[in-house]
Structures are given as C-alpha cells and as structure tokens.
Amino acid sequence: MLFIYFNSYSQDTDLYKTVVKLDSTFFHAYNTCDLGKQRSFYSDSIEFFHDRSGLETSKEKILAATERNICGQVTRELVPGSIEVSPLPGYGAVELGMHMFHNKQEPNATPHQSRFVIIWKNTNGNWTITKVISLH
C-alpha cells in the first residue's frame, strides 16, 4: 500500500515555479495535440493510473489514446491556485491539483473539477513525468 504524506511548500519556491511551468507547458501540448512534446515529457517507464480505465504503462498507448480520444475533442483547464508541490529529495517533485476538461462535443455541458497527481523526476535538469494519477 502506498502512502504519501504531503507537505505543500510555499508558492514562492523555485521548485513550485518550476513545476507550475512544467504543468503549463505539458498541458499546452495536450490542448494543442502536440504529441511530440507530450512524448518528450513522459518517462519511458511511465505509470498512468486512471480511475476509469486503470493502469497503463505504455507511453505509445497513452499517446495513441490521447490522439484518438482527446485531440480536437477535449481541452484541459487548470483550476487557478489549485497546484500544490512537494519535493521528493533525490528524485524530483509531487504535484497535486485540480483541473476541468471541456468536451467540444458537449459545448453546453458544465465541466466538473477533478483531482490529479503527477510525479516529476528531475535528471540533471531534465524533468519527466513518471507517474500520473487521474481522478474524475
């Protein structure tokens, strides 16, 4: 069983600012269907836990599902001020936050907020996503 004790740090820290920028860059690529940019963010050992579809560990399958189900259909909006960041010494950082998804097929639908967790690994200044937990 995995337990995460989360102690968020000030939004003024360099780590917080780095993770917020990474989140913004990654999800801009998500919203614009820049699969190459998304690919560069995902670790080769990605673990993507989705509360509806379960665990996926194939970067290529994640990207194919994004292309098939998201591109041109869905955009993600971060809930302002919702990001919390905690360092993982010797590894990187944990990002927790809230976001909403807008489905272009249902333009009048009211999006609901959902939670997410991203584990970021920092290897000599190269940040990659190693784990995602997506809760709707």
# chains A, B, ... in the order shown; residues from 1 in each chain; ligands from 1
$ select_by_dssp --residues "range 36-95 of chain A" --states "strand (DSSP E or B)" --output "VMD selection string"
chain A and resid 42 to 50 54 to 56 74 to 78 84 to 88 92 to 95
$ residues_around --residues "range 93-100 of chain A" --least-positions-apart "5" --cutoff "8 Å" --atoms "only C-alpha atoms" --output "list in words"
Leu15, Val19, Arg76, Glu77, Leu78, Val79, Ser82, Ile83, Glu84, Val85, Ser86, Pro87, Leu88, Pro111, His112, Gln113, Ser114, Arg115, Phe116, Val117, Ile118, Ile119, Trp120, Lys121 and Asn122 of chain A
$ atom_distance --atom1 "CA of Lys61 in chain A" --atom2 "CA of Ile133 in chain A"
16.2 Å
$ select_by_dssp --residues "range 2-109 of chain A" --states "helix (DSSP H, G or I)" --output "PyMOL selection string"
chain A and resi 14-31+35-41+59-69
$ residues_around --residues "Thr75 in chain A" --least-positions-apart "3" --cutoff "10 Å" --atoms "only C-alpha atoms" --output "ChimeraX atom specification"
/A:27-28,30-33,70-72,100-104
$ residues_around --residues "Leu63 in chain A" --least-positions-apart "4" --cutoff "12 Å" --atoms "only C-alpha atoms" --output "list in words"
Ala29, Tyr30, Cys33, Asp34, Leu35, Gly36, Lys37, Gln38, Arg39, Ser40, Phe41, Tyr42, Ile46, Phe48, Glu56, Thr57, Ser58, Lys59, Glu67, Arg68, Asn69, Ile70 and Cys71 of chain A
